[in-house]
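S.K.: Have a peek at target.pdb (PDB, C-alpha atoms).
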```pdb
ATOM      1  CA  MET A 285      76.204 114.754   3.880
ATOM      2  CA  LYS A 286      74.313 111.469   4.291
ATOM      3  CA  TRP A 287      71.654 113.272   6.325
ATOM      4  CA  PHE A 288      71.212 115.843   3.554
ATOM      5  CA  ALA A 289      71.032 113.146   0.871
ATOM      6  CA  HIS A 290      68.343 111.267   2.791
ATOM      7  CA  LYS A 291      66.414 114.493   3.302
ATOM      8  CA  ARG A 292      66.545 115.224  -0.426
ATOM      9  CA  ILE A 293      65.290 111.718  -1.212
ATOM     10  CA  ARG A 294      62.400 112.059   1.227
ATOM     11  CA  HIS A 295      61.510 115.451  -0.245
ATOM     12  CA  THR A 296      61.461 114.040  -3.795
ATOM     13  CA  LEU A 297      59.336 111.033  -2.861
ATOM     14  CA  ARG A 298      56.887 113.221  -0.949
ATOM     15  CA  TYR A 299      56.513 116.144  -3.349
ATOM     16  CA  HIS A 300      57.432 114.631  -6.725
ATOM     17  CA  PRO A 301      56.110 111.059  -6.749
ATOM     18  CA  VAL A 302      55.356 109.203  -9.951
ATOM     19  CA  PRO A 303      51.594 109.653 -10.595
ATOM     20  CA  ARG A 304      49.836 106.479  -9.534
ATOM     21  CA  ASP A 305      47.599 106.194 -12.615
ATOM     22  CA  ALA A 306      50.518 106.514 -15.015
ATOM     23  CA  TRP A 307      52.555 104.052 -12.984
ATOM     24  CA  ASN A 308      49.826 101.431 -12.791
ATOM     25  CA  ARG A 309      49.210 101.727 -16.524
ATOM     26  CA  LEU A 310      52.893 101.220 -17.310
ATOM     27  CA  MET A 311      53.166  98.233 -14.958
ATOM     28  CA  ARG A 312      50.073  96.696 -16.502
ATOM     29  CA  GLU A 313      50.916  97.249 -20.159
ATOM     30  CA  ALA A 314      54.684  96.645 -20.330
ATOM     31  CA  ALA A 315      55.603  92.960 -20.257
ATOM     32  CA  ILE A 316      59.068  93.605 -18.811
ATOM     33  CA  PHE A 317      57.506  94.558 -15.453
ATOM     34  CA  ARG A 318      54.738  91.976 -15.146
ATOM     35  CA  ALA A 319      56.645  89.419 -13.071
ATOM     36  CA  LEU A 320      57.694  91.955 -10.436
ATOM     37  CA  SER A 321      56.206  91.563  -6.983
ATOM     38  CA  ALA A 322      54.211  94.348  -5.354
ATOM     39  CA  VAL A 323      57.197  95.190  -3.154
ATOM     40  CA  GLU A 324      59.536  95.329  -6.142
ATOM     41  CA  ARG A 325      57.136  97.577  -8.044
ATOM     42  CA  ALA A 326      56.867  99.945  -5.102
ATOM     43  CA  HIS A 327      60.652 100.178  -4.841
ATOM     44  CA  LEU A 328      60.974 100.615  -8.605
ATOM     45  CA  ARG A 329      58.457 103.464  -8.468
ATOM     46  CA  GLU A 330      60.572 105.263  -5.861
ATOM     47  CA  LEU A 331      63.774 104.764  -7.863
ATOM     48  CA  SER A 332      62.018 106.029 -10.995
ATOM     49  CA  ALA A 333      60.850 109.182  -9.200
ATOM     50  CA  LEU A 334      64.401 109.899  -8.057
ATOM     51  CA  PHE A 335      65.789 109.160 -11.519
ATOM     52  CA  LEU A 336      63.351 111.600 -13.121
ATOM     53  CA  ARG A 337      64.409 114.355 -10.724
ATOM     54  CA  ARG A 338      68.143 113.789 -11.206
ATOM     55  CA  LYS A 339      68.299 113.314 -14.972
ATOM     56  CA  GLU A 340      67.629 115.781 -17.776
ATOM     57  CA  PHE A 341      65.481 114.543 -20.650
ATOM     58  CA  SER A 342      65.628 116.286 -24.001
ATOM     59  CA  GLY A 343      64.045 115.550 -27.350
ATOM     60  CA  VAL A 344      65.693 116.329 -30.662
ATOM     61  CA  ARG A 345      64.477 116.730 -34.250
ATOM     62  CA  GLY A 346      61.222 118.220 -33.044
ATOM     63  CA  LEU A 347      60.405 115.537 -30.500
ATOM     64  CA  THR A 348      58.771 116.670 -27.267
ATOM     65  CA  VAL A 349      59.453 114.224 -24.443
ATOM     66  CA  SER A 350      56.226 113.782 -22.506
ATOM     67  CA  ALA A 351      56.039 112.795 -18.843
ATOM     68  CA  GLU A 352      54.838 109.337 -19.885
ATOM     69  CA  MET A 353      57.777 108.869 -22.259
ATOM     70  CA  ALA A 354      60.294 109.895 -19.609
ATOM     71  CA  LEU A 355      58.663 107.566 -17.093
ATOM     72  CA  ALA A 356      58.836 104.621 -19.511
ATOM     73  CA  VAL A 357      62.569 105.153 -19.939
ATOM     74  CA  ALA A 358      63.197 105.786 -16.250
ATOM     75  CA  ALA A 359      61.370 102.662 -15.080
ATOM     76  CA  GLN A 360      63.234 100.402 -17.500
ATOM     77  CA  ALA A 361      66.566 102.004 -16.618
ATOM     78  CA  CYS A 362      65.888 101.583 -12.909
ATOM     79  CA  LEU A 363      64.925  97.934 -13.339
ATOM     80  CA  LEU A 364      68.626  97.181 -13.846
ATOM     81  CA  ILE A 365      69.549  98.851 -10.553
ATOM     82  CA  LEU A 366      66.532  97.699  -8.561
ATOM     83  CA  GLN A 367      68.821  96.031  -6.014
ATOM     84  CA  LEU A 368      71.894  98.190  -6.646
ATOM     85  CA  GLY A 369      70.808 101.766  -6.026
ATOM     86  CA  LEU A 370      70.662 104.962  -8.037
ATOM     87  CA  ASP A 371      74.281 105.810  -7.235
ATOM     88  CA  CYS A 372      75.220 103.516 -10.118
ATOM     89  CA  TYR A 373      74.002 106.252 -12.478
ATOM     90  CA  ASP A 374      75.578 109.182 -10.642
ATOM     91  CA  ASP A 375      78.308 110.316 -13.050
ATOM     92  CA  TRP A 376      76.086 111.618 -15.859
ATOM     93  CA  VAL A 377      72.770 113.473 -16.258
ATOM     94  CA  GLY A 378      71.465 113.515 -19.834
ATOM     95  CA  VAL A 379      68.937 111.332 -21.662
ATOM     96  CA  VAL A 380      68.524 112.385 -25.300
ATOM     97  CA  ILE A 381      65.642 110.948 -27.294
ATOM     98  CA  TYR A 382      65.329 110.953 -31.067
ATOM     99  CA  PRO A 383      61.971 110.303 -32.763
ATOM    100  CA  GLY A 384      63.454 107.240 -34.515
ATOM    101  CA  ALA A 385      66.729 105.585 -35.419
ATOM    102  CA  PHE A 386      69.535 108.091 -35.895
ATOM    103  CA  ARG A 387      72.615 108.275 -38.086
ATOM    104  CA  VAL A 388      76.146 108.660 -36.757
ATOM    105  CA  VAL A 389      79.317 109.150 -38.777
ATOM    106  CA  ARG A 390      82.712 108.424 -37.260
ATOM    107  CA  ASP A 391      86.299 108.155 -38.431
ATOM    108  CA  SER A 392      88.131 104.947 -37.556
ATOM    109  CA  THR A 393      91.780 103.990 -37.893
ATOM    110  CA  ASP A 394      92.868 100.444 -38.766
ATOM    111  CA  THR A 395      96.031  98.653 -37.646
ATOM    112  CA  ILE A 396      98.171 100.195 -40.390
ATOM    113  CA  GLY A 397      96.964 103.720 -39.733
ATOM    114  CA  LEU A 398      94.450 104.000 -42.566
ATOM    115  CA  VAL A 399      91.565 106.289 -41.621
ATOM    116  CA  SER A 400      88.102 105.524 -42.956
ATOM    117  CA  ARG A 401      84.722 107.125 -42.378
ATOM    118  CA  GLN A 402      81.952 104.824 -41.173
ATOM    119  CA  GLU A 403      78.241 105.552 -41.105
ATOM    120  CA  SER A 404      75.848 103.685 -38.818
ATOM    121  CA  ILE A 405      72.136 103.780 -38.110
ATOM    122  CA  LEU A 406      71.532 103.314 -34.382
ATOM    123  CA  SER A 407      68.600 102.807 -32.050
ATOM    124  CA  GLY A 408      70.647 103.742 -29.003
ATOM    125  CA  GLU A 409      74.048 104.849 -27.806
ATOM    126  CA  SER A 410      75.780 105.474 -24.477
ATOM    127  CA  TRP A 411      78.651 107.874 -23.925
ATOM    128  CA  SER A 412      81.100 107.496 -21.072
ATOM    129  CA  ARG A 413      80.164 110.194 -18.505
ATOM    130  CA  GLY A 414      77.876 111.605 -21.182
ATOM    131  CA  PRO A 415      74.258 111.086 -22.170
ATOM    132  CA  VAL A 416      72.281 108.018 -23.038
ATOM    133  CA  ILE A 417      70.783 108.459 -26.510
ATOM    134  CA  LEU A 418      67.649 106.537 -27.512
ATOM    135  CA  SER A 419      65.277 106.147 -30.421
ATOM    136  CA  TRP A 420      61.706 106.578 -29.186
ATOM    137  CA  ASP A 421      60.359 104.364 -31.972
ATOM    138  CA  ASP A 422      62.460 101.524 -30.598
ATOM    139  CA  VAL A 423      61.605 102.243 -26.976
ATOM    140  CA  ALA A 424      57.890 102.297 -27.832
ATOM    141  CA  ARG A 425      58.180  99.074 -29.830
ATOM    142  CA  ASP A 426      59.879  97.306 -26.930
ATOM    143  CA  LEU A 427      56.968  98.315 -24.702
ATOM    144  CA  ALA A 428      54.074  97.621 -27.065
ATOM    145  CA  ALA A 429      55.378  94.615 -28.986
ATOM    146  CA  PRO A 430      58.356  93.249 -27.068
ATOM    147  CA  GLU A 431      60.665  90.765 -28.732
ATOM    148  CA  PRO A 432      62.429  88.383 -26.335
ATOM    149  CA  GLY A 433      66.079  89.315 -25.990
ATOM    150  CA  PHE A 434      65.705  92.857 -27.329
ATOM    151  CA  ASN A 435      65.316  96.034 -25.298
ATOM    152  CA  VAL A 436      67.164  99.204 -26.251
ATOM    153  CA  VAL A 437      66.854 100.831 -22.816
ATOM    154  CA  VAL A 438      68.257  97.778 -21.032
ATOM    155  CA  HIS A 439      71.044  97.533 -23.607
ATOM    156  CA  GLU A 440      72.197 101.137 -23.303
ATOM    157  CA  PHE A 441      71.921 101.314 -19.533
ATOM    158  CA  ALA A 442      73.873  98.067 -19.232
ATOM    159  CA  HIS A 443      76.616  99.911 -21.113
ATOM    160  CA  LYS A 444      76.372 102.676 -18.514
ATOM    161  CA  LEU A 445      76.972 100.156 -15.727
ATOM    162  CA  ASP A 446      79.864  98.690 -17.706
ATOM    163  CA  MET A 447      81.421 102.154 -18.049
ATOM    164  CA  ARG A 448      81.475 102.896 -14.327
ATOM    165  CA  ASP A 449      85.187 102.077 -14.148
ATOM    166  CA  GLY A 450      85.949 104.345 -17.100
ATOM    167  CA  SER A 451      85.566 102.108 -20.133
ATOM    168  CA  ALA A 452      83.139  99.638 -21.679
ATOM    169  CA  ASN A 453      84.864  96.266 -21.854
ATOM    170  CA  GLY A 454      82.244  93.761 -20.807
ATOM    171  CA  MET A 455      83.306  93.720 -17.149
ATOM    172  CA  PRO A 456      81.537  96.288 -14.982
ATOM    173  CA  PRO A 457      82.861  96.903 -11.476
ATOM    174  CA  LEU A 458      81.945  93.735  -9.601
ATOM    175  CA  HIS A 459      80.617  93.471  -6.054
ATOM    176  CA  PRO A 460      83.140  92.526  -3.344
ATOM    177  CA  ASP A 461      81.557  89.080  -2.947
ATOM    178  CA  MET A 462      81.979  88.260  -6.661
ATOM    179  CA  ALA A 463      85.022  86.463  -8.098
ATOM    180  CA  ARG A 464      86.608  88.210 -11.065
ATOM    181  CA  GLN A 465      87.994  84.925 -12.402
ATOM    182  CA  GLN A 466      84.568  83.269 -12.447
ATOM    183  CA  TRP A 467      83.083  86.244 -14.296
ATOM    184  CA  THR A 468      85.921  86.245 -16.836
ATOM    185  CA  GLU A 469      85.677  82.514 -17.486
ATOM    186  CA  ALA A 470      81.894  82.536 -17.857
ATOM    187  CA  PHE A 471      81.760  85.507 -20.200
ATOM    188  CA  SER A 472      84.875  84.636 -22.222
ATOM    189  CA  ASP A 473      83.709  81.068 -22.836
ATOM    190  CA  ALA A 474      80.221  82.207 -23.850
ATOM    191  CA  PHE A 475      81.509  85.030 -26.058
ATOM    192  CA  ASN A 476      83.937  82.719 -27.875
ATOM    193  CA  ARG A 477      81.225  80.101 -28.339
ATOM    194  CA  LEU A 478      78.824  82.679 -29.767
ATOM    195  CA  GLN A 479      81.521  83.856 -32.176
ATOM    196  CA  ARG A 480      82.152  80.276 -33.346
ATOM    197  CA  GLN A 481      78.434  79.730 -33.854
ATOM    198  CA  GLN A 482      78.243  82.846 -36.004
ATOM    199  CA  GLU A 483      81.300  81.869 -38.035
ATOM    200  CA  GLN A 484      79.749  78.459 -38.690
ATOM    201  CA  GLN A 485      76.352  80.046 -39.378
ATOM    202  CA  LEU A 486      74.755  78.044 -36.586
ATOM    203  CA  TYR A 487      71.629  79.203 -34.784
ATOM    204  CA  SER A 488      72.591  80.104 -31.237
ATOM    205  CA  GLY A 489      69.381  81.416 -29.713
ATOM    206  CA  ILE A 490      71.241  84.607 -28.750
ATOM    207  CA  ASP A 491      71.380  87.724 -30.926
ATOM    208  CA  ALA A 492      74.465  87.693 -33.150
ATOM    209  CA  TYR A 493      75.244  91.305 -32.229
ATOM    210  CA  GLY A 494      76.569  89.986 -28.953
ATOM    211  CA  ALA A 495      79.452  88.382 -30.852
ATOM    212  CA  THR A 496      80.811  91.714 -32.130
ATOM    213  CA  ALA A 497      82.674  92.715 -28.941
ATOM    214  CA  PRO A 498      82.850  91.758 -25.232
ATOM    215  CA  GLU A 499      81.061  94.951 -24.198
ATOM    216  CA  GLU A 500      78.234  94.208 -26.626
ATOM    217  CA  PHE A 501      77.985  90.655 -25.335
ATOM    218  CA  PHE A 502      77.476  91.974 -21.802
ATOM    219  CA  ALA A 503      74.764  94.384 -22.990
ATOM    220  CA  VAL A 504      73.024  91.724 -25.098
ATOM    221  CA  ALA A 505      73.229  89.199 -22.249
ATOM    222  CA  SER A 506      71.608  91.816 -20.002
ATOM    223  CA  GLU A 507      68.780  92.232 -22.510
ATOM    224  CA  TYR A 508      68.099  88.496 -22.399
ATOM    225  CA  PHE A 509      68.495  88.442 -18.613
ATOM    226  CA  PHE A 510      65.601  90.858 -18.182
ATOM    227  CA  THR A 511      63.388  89.972 -21.175
ATOM    228  CA  ALA A 512      64.114  86.296 -21.914
ATOM    229  CA  PRO A 513      65.900  84.913 -18.844
ATOM    230  CA  HIS A 514      65.098  81.273 -19.557
ATOM    231  CA  THR A 515      66.744  81.540 -22.985
ATOM    232  CA  LEU A 516      69.924  82.990 -21.517
ATOM    233  CA  HIS A 517      69.947  80.384 -18.750
ATOM    234  CA  GLN A 518      69.551  77.599 -21.289
ATOM    235  CA  GLN A 519      72.226  78.873 -23.682
ATOM    236  CA  PHE A 520      74.799  80.236 -21.233
ATOM    237  CA  PRO A 521      73.967  79.127 -17.663
ATOM    238  CA  ALA A 522      77.278  80.329 -16.215
ATOM    239  CA  VAL A 523      76.684  83.819 -17.630
ATOM    240  CA  TYR A 524      73.169  83.820 -16.240
ATOM    241  CA  GLU A 525      74.442  82.929 -12.766
ATOM    242  CA  GLN A 526      77.034  85.720 -12.884
ATOM    243  CA  LEU A 527      74.329  88.215 -13.839
ATOM    244  CA  VAL A 528      72.183  86.979 -10.940
ATOM    245  CA  LEU A 529      75.084  87.851  -8.658
ATOM    246  CA  PHE A 530      75.739  91.167 -10.388
ATOM    247  CA  TYR A 531      72.173  92.490 -10.659
ATOM    248  CA  ARG A 532      71.124  90.727  -7.438
ATOM    249  CA  GLN A 533      67.970  89.594  -9.183
ATOM    250  CA  ASP A 534      66.763  86.255 -10.588
ATOM    251  CA  PRO A 535      64.240  86.965 -13.367
ATOM    252  CA  ALA A 536      63.903  83.306 -14.366
ATOM    253  CA  SER A 537      62.804  82.317 -10.870
ATOM    254  CA  ARG A 538      60.619  85.412 -10.692
ATOM    255  CA  GLN A 539      58.805  84.392 -13.885
ATOM    256  CA  LYS A 540      58.280  80.827 -12.623
ATOM    257  CA  MET A 541      56.625  82.163  -9.479
ATOM    258  CA  THR A 542      54.127  84.242 -11.483
ATOM    259  CA  SER A 543      53.404  81.746 -14.278
TER     260      SER A 543
END
```
Output the file's structure as structure tokens, nothing else.

M.R.:
Amino acid sequence: MKWFAHKRIRHTLRYHPVPRDAWNRLMREAAIFRALSAVERAHLRELSALFLRRKEFSGVRGLTVSAEMALAVAAQACLLILQLGLDCYDDWVGVVIYPGAFRVVRDSTDTIGLVSRQESILSGESWSRGPVILSWDDVARDLAAPEPGFNVVVHEFAHKLDMRDGSANGMPPLHPDMARQQWTEAFSDAFNRLQRQQEQQLYSGIDAYGATAPEEFFAVASEYFFTAPHTLHQQFPAVYEQLVLFYRQDPASRQKMTS
């Protein structure tokens, strides 16, 4: 089985590589990739090629997903797993892209059993063992005019990593060399502090959406980790160090080396 898997990978990289011109343009124009070394970019290109072959992209509401659009999503998604491997995304296949933000309506039940209908406008959503859903307007904005701490692709694919053990709860399956207690303490302390800052209407430097739930804090922290690592390190250094161990990357050090 391993021999067959390696053969399939070699076949994809040989016959279905990411076009060099498109890749170089994306690496040059998108700020999220600029600090990567040449070796990291080469590895990311291979992961992106494999991702594009294994996942199914579909546009809705009249949107046609071009090769360049799919590549932009794939490269950002694979940045999270640059040192982890594509197996982290194995239990689902679909990427659905809307032209812009999309509306979802859901029923929710409170603690006394009262059911209410809630409507939300979203830029992205991840389903457990289901598709990742994205707004292209938001993806394109993150590429063309990035805002530190905000990246819809990173956010939704962080949720996918969180869901690998069956549910999104802010604690993805950790590596064997990581201590669960250290992760829990770092993230719980930071999450509680962010909640207190929001309750007191204090500026925290971290997006308030992270205070809504532990799983959202993990996704928001991941956004800062890859787009504004120095901010995350300054605000929540223990969280930053746990993400260094989890993603096996150190974006803050990477940026210092290229600045």

S.K.: Please return as a list in words every residue within 9 Å of (55.3, 99.7, -12.0), taking into account only C-alpha atoms and the file's own coordinates.

M.R.: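 Every residue inside that radius is included here: Ala306, Trp307, Asn308, Arg309, Leu310, Met311, Arg312, Ala314, Phe317, Arg318, Leu320, Ala322, Glu324, Arg325, Ala326, His327, Leu328, Arg329 and Ala359 of chain A.
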
S.K.: CA of Pro460 in chain A and CA of Ala333 in chain A are how many Å apart?

M.R.: 28.4 Å

S.K.: Between A:Pro498, A:Gly450, A:Pro415, A:Pro457, single out the one closest to Ile381 in chain A, counting all atoms listed in the file.

M.R.: A:Pro415

S.K.: Considering all atoms listed in the file, state which residue in the set A:Leu516, A:Cys372, A:Ala428, A:Val379 is at the smallest distance from Arg448 in chain A.

M.R.: A:Cys372

S.K.: On this file, the PyMOL selection byres ((chain A and resi 517-521) around 12) gives some set of residues; write that set as a ChimeraX atom specification.

M.R.: /A:469-478,481,487-491,501,505-506,508-516,522-528,534-537

S.K.: As a list in words, please: the residues near Gly369 in chain A (cut-off 12 Å, all atoms listed in the file, same-chain neighbours under 4 positions excluded).

M.R.: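 Returned residues: His327, Leu328, Glu330, Leu331, Ser332, Leu334, Phe335, Ala361, Cys362, Leu363, Leu364, Ile365, Tyr373, Asp374, Leu445, Tyr531 and Arg532 of chain A.
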
S.K.: Taking all atoms listed in the file into account, which of A:Ile417, A:Ala424, A:Ser404, A:Gln367 comes nearest Leu529 in chain A?

M.R.: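 For Leu529 in chain A, the nearest of the candidates is A:Gln367.
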
S.K.: So which one's closest to Met455 in chain A, A:Leu418, A:Ala354, A:Val437, A:Ala497? Using only C-alpha atoms, please.

M.R.: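 Counting only C-alpha atoms, the residue closest to Met455 in chain A is A:Ala497.
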
S.K.: Pull out every residue that the PyMOL selection byres ((chain A and resi 425) around 12) matches in the shown coordinates and put them as a list in words.

M.R.: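 Taken on the displayed file, the PyMOL selection byres ((chain A and resi 425) around 12) yields the residues Ala314, Ala315, Ala356, Gly384, Ser407, Ser419, Trp420, Asp421, Asp422, Val423, Ala424, Asp426, Leu427, Ala428, Ala429, Pro430, Glu431, Phe434, Asn435, Val436 and Val437 of chain A.
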
S.K.: One decimal, Å: what's the distance from CA of Glu352 in chain A over to CA of Arg292 in chain A, could you say?

M.R.: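 Going from CA of Glu352 in chain A over to CA of Arg292 in chain A, I get 23.5 Å.
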
S.K.: What gap, in Å, lies between CA of Pro303 in chain A and CA of Val416 in chain A?

M.R.: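 Separation between CA of Pro303 in chain A and CA of Val416 in chain A: 24.2 Å.
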
S.K.: Would you kindly translate the PyMOL selection byres ((chain A and resi 542) around 9) into the concrete residues it picks from this file, as a short mmCIF file (atom, residue, chain, number, x, y, z; two decimals) with C-alpha atoms, keeping the file's coordinate frame?

M.R.:
```cif
data_model
loop_
_atom_site.label_atom_id
_atom_site.label_comp_id
_atom_site.auth_asym_id
_atom_site.auth_seq_id
_atom_site.Cartn_x
_atom_site.Cartn_y
_atom_site.Cartn_z
CA ARG A 318 54.74 91.98 -15.15
CA ALA A 319 56.64 89.42 -13.07
CA LEU A 320 57.69 91.96 -10.44
CA SER A 321 56.21 91.56 -6.98
CA SER A 537 62.80 82.32 -10.87
CA ARG A 538 60.62 85.41 -10.69
CA GLN A 539 58.80 84.39 -13.88
CA LYS A 540 58.28 80.83 -12.62
CA MET A 541 56.62 82.16 -9.48
CA SER A 543 53.40 81.75 -14.28
#
```

S.K.: How big is the axis-aligned box, and where does its centre sit, when it encloses all atoms of range 334-345 of chain A listed in the file and has 6 Å added on every side, reported in Å to one decimal as JSON?

M.R.:
```
{"center_x": 65.8, "center_y": 112.9, "center_z": -21.2, "size_x": 16.9, "size_y": 19.6, "size_z": 38.2}
```

S.K.: I need the residue nearest Gln360 in chain A from this list: A:Ala463, A:Ala442, A:Glu483, A:Ala452. Use all atoms listed in the file for the distance.

M.R.: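 Distance minimum relative to Gln360 in chain A lands on A:Ala442.
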
S.K.: Take range 423-442 of chain A, model N, CA, C and O atoms, and hand the result over as a compact mmCIF listing (two decimals), keeping the file's coordinate frame.

M.R.:
```txt
# COMPACT_ATOMS: atom_id res chain seq x y z
N VAL A 423 62.08 102.37 -28.35
CA VAL A 423 61.60 102.24 -26.98
C VAL A 423 60.13 101.87 -26.96
O VAL A 423 59.70 100.97 -26.23
N ALA A 424 59.33 102.56 -27.78
CA ALA A 424 57.89 102.30 -27.83
C ALA A 424 57.60 100.89 -28.34
O ALA A 424 56.69 100.21 -27.84
N ARG A 425 58.36 100.44 -29.32
CA ARG A 425 58.18 99.07 -29.83
C ARG A 425 58.47 98.04 -28.75
O ARG A 425 57.73 97.07 -28.60
N ASP A 426 59.53 98.25 -27.99
CA ASP A 426 59.88 97.31 -26.93
C ASP A 426 58.79 97.22 -25.87
O ASP A 426 58.62 96.18 -25.23
N LEU A 427 58.06 98.32 -25.68
CA LEU A 427 56.97 98.32 -24.70
C LEU A 427 55.70 97.69 -25.26
O LEU A 427 55.05 96.88 -24.59
N ALA A 428 55.35 98.05 -26.49
CA ALA A 428 54.07 97.62 -27.06
C ALA A 428 54.13 96.23 -27.68
O ALA A 428 53.16 95.46 -27.60
N ALA A 429 55.24 95.91 -28.31
CA ALA A 429 55.38 94.62 -28.99
C ALA A 429 56.76 94.05 -28.70
O ALA A 429 57.61 93.96 -29.59
N PRO A 430 57.01 93.67 -27.46
CA PRO A 430 58.36 93.25 -27.07
C PRO A 430 58.79 91.97 -27.78
O PRO A 430 57.99 91.06 -28.00
N GLU A 431 60.06 91.95 -28.13
CA GLU A 431 60.66 90.76 -28.73
C GLU A 431 61.66 90.20 -27.74
O GLU A 431 62.57 90.92 -27.29
N PRO A 432 61.53 88.94 -27.35
CA PRO A 432 62.43 88.38 -26.34
C PRO A 432 63.90 88.58 -26.70
O PRO A 432 64.32 88.28 -27.82
N GLY A 433 64.66 89.11 -25.77
CA GLY A 433 66.08 89.32 -25.99
C GLY A 433 66.43 90.68 -26.54
O GLY A 433 67.62 90.96 -26.75
N PHE A 434 65.44 91.54 -26.74
CA PHE A 434 65.70 92.86 -27.33
C PHE A 434 65.04 93.94 -26.49
O PHE A 434 63.83 93.92 -26.28
N ASN A 435 65.84 94.89 -26.02
CA ASN A 435 65.32 96.03 -25.30
C ASN A 435 66.38 97.11 -25.31
O ASN A 435 67.42 96.97 -24.67
N VAL A 436 66.14 98.19 -26.04
CA VAL A 436 67.16 99.20 -26.25
C VAL A 436 67.52 99.93 -24.96
O VAL A 436 68.69 100.28 -24.74
N VAL A 437 66.55 100.15 -24.07
CA VAL A 437 66.85 100.83 -22.82
C VAL A 437 67.75 99.96 -21.95
O VAL A 437 68.78 100.42 -21.42
N VAL A 438 67.41 98.69 -21.81
CA VAL A 438 68.26 97.78 -21.03
C VAL A 438 69.65 97.72 -21.63
O VAL A 438 70.66 97.78 -20.91
N HIS A 439 69.74 97.63 -22.94
CA HIS A 439 71.04 97.53 -23.61
C HIS A 439 71.92 98.74 -23.30
O HIS A 439 73.08 98.60 -22.88
N GLU A 440 71.39 99.94 -23.48
CA GLU A 440 72.20 101.14 -23.30
C GLU A 440 72.52 101.41 -21.84
O GLU A 440 73.62 101.88 -21.52
N PHE A 441 71.62 101.09 -20.94
CA PHE A 441 71.92 101.31 -19.53
C PHE A 441 72.84 100.23 -18.97
O PHE A 441 73.56 100.48 -18.00
N ALA A 442 72.85 99.06 -19.58
CA ALA A 442 73.87 98.07 -19.23
C ALA A 442 75.25 98.60 -19.61
O ALA A 442 76.22 98.42 -18.86
```
